[in-house]
Structures are given as C-alpha cells and as structure tokens.
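> Below you will find the structure I want to go over with you.
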Amino acid sequence: MSSFHVRSGRGPKGDVFSVSKTWLSVKLCFIILLFQAVTFRAAAVQNITGLQLHIREQDVVMDNGILQVTLSKPEGMVTGIQYNGVDNLLEILNEDSNRGYWDLVWDAPEIKRKKGEFDRMETTNFTVIVETENQIELSFTRMWDPSLEGKVVPLNIDKRFVMLRNSPGFYSYGIYEHLKDWPAFDLANTRIVFKLRKDKFHYMAMSDNRQRYMPLPDDRTAERGQPLAYPEAVLLVDPVEPEFKGEVDDKYQYSIENKDNRVHGWISTVTDPPMGFWQITPSEEFKSGGPFKQCLTSHVGPITLAIFHSTHYSGADLILHFGPNEPWKKVFGPVFIHLNSLVNGGDPLKRLWEDAKQQMEVEVQSWPYDFPASKDFLPSDQRGSVSGRLLVHDRYICDEDLPGNGTLVGLAAPGDVGSWQFECKGYQFWTKADEKGYFSITGIRPGTYNLFAYVPGLIGDYRYDAEVTISPGSDKDVGTLVYEPPRSGPTLWEIGIPDRTAAEFFVPDPNPMYINKLYVNHTDRFRQYGLWERYADLYPHNDMVYTVGVSDYRKDFFFAQVTRKTDNNTYQGSTWQIKFELDIVDKNNTYKLRIALATAHVSDLQVRINDLRASNPHFSTGLIGNDNTIARHGIHGLYRLYNVDVPGVQLVEGNNTIFLTRTWSTSPFQGIMYDYIRLEGPPSSKGNNLGFSSK
C-alpha cells in the first residue's frame with residue numbers, strides 16, 4: 001500500500017521525536033487513510049542518516065538529505081534551495097542577494113524620508129549555534145555601530161536559520177534589539193522574502209477558494225502590461241500566456257488577515273515530480289496589529305512573503321515609533337519553509353495543497369517550538385496560560401446574560417479599550433471562545449497584559465479592568481467576565497451587520513475591462529480592481545439615498561462612500577441620506593446614533609440631522625484614516641466607533657433624514673466603509689419599536 005509521510009516534530013535537542021499526543025496520533029492516522037494512494041517524497045527519509053554542514057569561503061550549506069539550503073556568509077542571504085533534483089528553487093536569474101532575504105523599512109525622526117530607508121539586512125558576522133546530527137542552527141548578526149547614526153537602523157539584528165533531521169524544510173526567525181541609550185527611529189515594515197523560479201512555479205494557493213495559475217512577471221513589464229491607477233495594478237495587455245489577456249494583476253488582491261494567514265505558497269507542475277514551496281506561520285503572536293490586521297502573502301514573481309510588521313490597511317497608525325531612551329527586544333518567528341512533492345497518483349494541485357495544510361496543522365500543534373537555541377525564544381515550560389468565560393449582557397436583547405459564542409479573546413500590551421489593533425511592539429495571544437463562552441489561551445510569554453475581546457455581532461470592544469500578569473508555568477483563571485456592549489436605548493433601526501467589515505453591503509460588478517478571474521462569482525468579490533469608480537457609474541448625478549424599512553442594505557447600500565470624479569479631472573465628496581419615520585418623538589430625551597466604521601482614508605465624516613444646509617455639522621469625526629483600504633481591494637482596515645448624541649428636539653414625528661457627508665476629496669482612493677449604523681431611542685423603554693415606523 002502506498003503511504004503518506006509527514007514529519008511529526010522534534011525533541012528538545014533536535015532529535016526526531018515521537019509525540020504522545022492523542023491529537024497527533026489521530027491526525028496522522030487520518031492522513032494515512034486519506035492519502036493512501038499518494039506518496040510524498042518530502043518525508044521519505046528511511047535511509048537518511050543525519051545532517052551535514054558545509055562551511056565554505058563565501059557561503060554555508062545546510063543539508064539533511066532531503067534538501068540543501070545555501071546561505072551567503074556572513075551576509076545571511078538565502079542564495080539557493082536544492083530539492084528533489086532541482087539545483088535551485090530560487091530565481092537563478094537574480095543576484096545572490098535578491099533571492100531569499102530578510103528586510104525592513106525604517107526612518108530616523110530627524111530625517112523623515114518620503115518612503116523610509118529600505119534595508120536588506122546584510123549581516124557582518126556568522127556563527128554556528130548548534131551542530132549535531134539532529135539539528136543545525138546558524139546565526140547571522142549585525143551589531144549597530146554608533147558612528148553610522150542616521151545611516152543604519154539602530155538595531156542589533158540576529159537572523160537565525162534552523163534545519164532539523166528528517167524535516168522537509170527549514171525554519172527562520174529573527175531577534176531585533178534596541179538598547180536604551182540608542183537614538184530614536186521608526187520601523188514601518190519587516191519581513192522575509194523568497195523569490196522563486198519563474199520557469200518552475202506558476203500556481204499559487206493561500207486558501208481552499210483562493211488559488212489559481214498566475215501570470216509571469218514579464219507580463220507586468222511596459223512591453224506587455226499597462227500600469228493602472230497605481231504601480232501595483234497592471235492590466236495584462238499582451239501576456240506570454242494568452243489566457244491572462246485582459247486581466248488585472250495586483251499583489252494586494254491576495255492579502256489576508258493574520259488570524260487566517262497560516263500557509264500559502266506555490267506549486268510547480270512542470271517539474272518531475274510536481275512540487276510545492278510553502279511558507280507556514282504557526283502562530284501570530286509576533287505579528288503586529290492583532291488577528292484582523294491584513295498583510296500580503298504570495299504574488300506574481302513568483303514571490304512568497306512572511307510579513308511580521310507592516311502599515312498596510314492601517315497607515316501611519318501602525319508605524320513603530322521608538323524613543324531615544326527606549327529599550328526593546330522582540331523575536332519574530334520562527335516560520336517554516338515547507339517543501340513537498342508528489343510521486344504518484346492524484347491531482348498535484350489538490351494533493352500538494354492538502355499536504356501543505358496538514359503540515360501547517362502539525363506546526364501549529366507544535367507551537368511554541370522547543371528547538372530554537374536562542375534564550376530569547378521561550379519554550380512552553382517558560383510560558384503561562386489564562387482561562388475564563390465571557391458572557392454578554394444587553395438588556396435590550398435579553399434579560400439574561402448570553403454566552404460569548406465565537407468571541408475572539410486575546411492578551412496584548414496594556415492600553416485603552418481596543419488598543420490591541422494598534423499594538424506592535426509586544427506580543428499578542430488570541431483564541432476563540434466556545435459556544436458557551438469558555439476560553440483558554442496557552443503559550444503566553446511572561447509579562448503584564450490586558451485581556452481584550454471582540455464579540456461577533458456586537459459593536460465595540462471589551463477590556464477586562466484588571467491587568468493580567470503571566471509568569472512561567474502560571475495558569476490564571478479570570479473567572480466569568482461580562483461584556484456590556486455600548487447601548488443607551490432600544491434599537492429603532494439598524495443598517496448592516498456589526499462584524500468590522502463592509503462585506504455585507506452592495507459590492508458592484510467590476511468594469512469588465514479590469515477583472516481578476518479568480519474573483520468572478522467569488523465570496524471576495526470586493527477584491528476586484530477599480531470598484532471605487534463604479535459608484536459614479538451607479539450614481540452619476542445624485543448620491544445614495546437609503547430608506548429604512550424599504551431599502552435592503554445588501555442591494556441598496558454601496559460598500560464604500562468614495563469620491564466622484566468630475567469632468568475636469570477633479571474629485572468631489574458625497575452626501576448620503578438615511579430616511580426614516582418616527583411615529584412618536586420624545587423631545588425631552590436624547591437619542592443615540594451609533595456609527596461603526598470598517599475603514600477610513602483621509603476623510604472627514606460629517607453628520608447632519610434633518611438640515612443639510614446647516615453651516616456646522618451636528619457631529620464630525622475630523623480628518624481620519626490612512627488605511628488605504630479602497631485602493632488595496634480590502635473590505636476593512638482599522639475599526640472606529642462613534643457614538644453620537646441626538647437631542648429629541650432635532651427629530652420630528654413623521655419623516656426624518658440623517659445626512660452623512662464625506663469631505664476631503666483629492667484622489668479616487670479617499671473614502672470610508674461603514675461596518676454598522678444604528679439609531680437607539682431614549683433609555684426610558686425596552687420596546688424595540690419605540691417611536692419607529694417602517695411605513
């Protein structure tokens with residue numbers, strides 16, 4: 001019988017280990033049954049005897065008999081990956097320093113370059129940390145030199161590469177350190193990049209429903225492609241493969257949230273046998289911005305990224321600012337580069353992807369790893385855990401507390417309610433509560449945190465009042481927590497679903513001249529190019545009017561309030577109207593308008609009640625947002641919630657109109673996306689239909 005092999009893990013000193021976990025045993029049995037007709041050469045290692053390290057004058061090679069990884073010495077660039085008869089999976093047409101590398105973008109506050117300084121993090125020292133028959137760990141370091149202040153980022157950098165015996169891949173992690181007396185600086189982006197051979201890898205996958213054959217990088221050149229509204233978006237006019245003609249290629253169409261960014265990569269069907277190259281992220285604890293932060297994954301090149309920190313879909317709010325006397329150290333990773341190949345039987349696209357997902361599950365279950373040699377990466381016995389239960393109390397929904405089913409509960413650095421989405425310097429640890437609201441977070445690094453939560457279907461954020469201190473081996477039980485979401489009175493009407501996205505609203509069909517075939521009839525139809533231009537097509541003269549009780553937000557509420565291009569190539573703002581009727585108005589009390597935004601980009605949202613001509617708005621957000629979500633085909637960025645008092649004297653019995661005016665209009669990418677809008681009556685009654693008529 002054919003067999004399916006997966007590396008199950010490693011022991012405390014790098015030896016191949018047999019895990020006595022019931023989960024893993026069941027999982028491996030399931031895998032064997034599922035793939036009994038397929039053999040993956042990646043783990044066919046019965047005759048492999050151990051690891052070898054070859055140190056040469058200008059490079060070093062890690063070899064475990066399955067693959068060989070070559071790194072430049074002392075720069076620490078991945079110059080070659082040999083696997084399954086292919087001398088190098090990385091792009092051999094590129095320079096050695098432009099194949100596999102760590103990089104960052106930084107700036108000095110006193111300089112403030114327009115786009116920051118790009119640093120490929122070439123190191124100056126090479127050290128063998130571990131060399132046994134079961135594990136190799138290499139360190140490439142660069143210590144900061146004060147004489148280079150303003151020219152080199154003030155960080156000590158330690159890039160680690162690890163290879164284990166019988167492992168179909170290798171690991172990499174980095175340690176960044178800023179000492180107390182060092183100068184201030186800003187960090188905008190840091191990541192690992194792998195550029196694969198364009199003659200080998202043509203199929204890209206990042207989820208079950210987001211995978212496809214991809215164009216070549218040649219198709220994006222001036223000879224074959226037409227740049228669109230910004231450089232990342234290119235219309236393929238004369239691609240090498242005619243099947244891609246007329247499509248738009250843009251790397252931002254393949255972004256994904258941290259919580260879902262576990263495995264992505266490429267498949268080669270032109271090699272014999274077919275093979276896959278996968279980037280696996282076993283934990284998001286070291287990533288910035290929490291579970292909803294979006295990052296790039298893989299894109300045309302073929303390129304695969306492991307992004308640890310970026311400002312995408314958030315802007316300057318997520319730039320890491322370090323003061324002149326601020327010590328800091330953080331471990332990014334490890335991430336796993338997994339290679340697999342299909343020897344016989346089945347669809348290679350399906351089988352290699354399924355194997356990559358199974359390997360991802362093994363890596364996730366093995367976190368936190370026990371093999372990294374750096375004392376800065378903490379194994380499980382030096383970490384702690386926290387557990388509890390979260391309930392929800394909203395007296396206008398139910399008199400009793402309801403379980404926080406599906407609640408995302410996490411620990412992040414102490415801060416204000418919702419501050420976790422801006423937190424970048426420390427670590428975050430998240431889990432999902434079960435149907436009864438019980439949660440358990442394990443593998444937490446020692447430190448002091450706030451406990452935060454987001455409950456699907458409710459506005460706002462929860463923060464536990466007391467700080468949570470974790471020590472090695474501790475197991476904290478915070479007991480039963482109760483979240484009371486923002487609420488002043490009964491719901492008179494609501495628009496949308498409070499889920500931090502605009503996905504439920506009307507997303508138009510794209511201009512047929514600018515499509516990505518992957519997203520035709522897809523749940524992520526918002527990822528098509530140029531949807532911001534469709535608003536003016538649908539509303540060429542008058543802005544959107546939404547009538548409560550008549551309109552359907554799924555069909556009648558445009559997903560983004562954007563600018564409209566005029567005939568003289570300028571842009572103008574828009575004013576949306578929400579019309580509703582009230583049978584009774586309590587003039588002596590205050591109503592509450594809740595506006596939850598899914599994203600904003602260089603916009604000011606102004607609210608007026610029943611008087612569009614009022615010189616001063618009833619409420620204004622002021623200029624907010626640098627998320628750039630609209631241009632990057634997202635459906636959300638940073639979450640913002642505004643609670644607006646509406647005096648009863650401003651409402652009338654009968655017809656009422658709320659005017660939502662978005663100002664600041666100098667480009668097509670400015671705008672806002674709404675998550676959810678709700679009008680609440682005064683708190684004097686529990687009746688959900690107080691004073692409201694849907695006639």
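In the structure tokens, chains take the letters A, B, ... in the order shown, each chain's residues start at 1, and ligands count up from 1 in the order shown.
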With only C-alpha atoms as the counted atoms, please give the residues lying no more than 12 Å from Asn511 (chain A), apart from itself and same-chain residues fewer than 4 positions off, as a PyMOL selection string.
chain A and resi 246-248+515-516+520+528-535+537-538
> Can you list, as a ChimeraX atom specification, every protein, DNA or RNA residue that comes within 10 Å of Gly323 (chain A) when you count only C-alpha atoms, leaving out same-chain residues fewer than 6 positions away?
/A:109,178,180-186
> List the neighbours of region 63-80 of chain A out to 7 Å using only C-alpha atoms; skip same-chain residues closer than 4 positions along the sequence, and give me the result as a list in words.
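So the residues in contact are Ala42, Ile48, Gly50, Leu51, Gln52, Leu53, Gln58, Asp59, Asn88, Leu89, Leu90, Asp96, Ser97, Arg99, Gly100, Tyr101, Glu122, Thr123, Thr124, Asn125, Phe126, Phe140, Arg165, Asn166 and Pro168 of chain A.
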> Closest to Tyr254 (chain A) among A:Thr501, A:Asn209, A:Ser268, A:Thr141, using only C-alpha atoms?
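Using only C-alpha atoms, Tyr254 (chain A) sits closest to A:Asn209.
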> Enumerate as a PyMOL selection string all residues of region 236-319 of chain A assigned to strand (DSSP E or B) by DSSP on the backbone, naming them with the chain letters and numbers the document uses.
chain A and resi 236+247-249+256-257+263-268+275-280+294-295+298-299+303-309
> For each of A:Asn344, A:Thr547, A:Gln428, A:Ser387, take the minimum atom-to-atom distance to Asn258 (chain A), counting only C-alpha atoms, then give the residue where this is smallest.
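Nearest candidate to Asn258 (chain A) out of A:Asn344, A:Thr547, A:Gln428, A:Ser387: A:Gln428.
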> Between A:Leu339, A:Leu451, A:Val392, A:Val237, which residue has the minimum interatomic distance to Ala412 (chain A), considering only C-alpha atoms?
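So, comparing all the options, the nearest one is A:Leu451.
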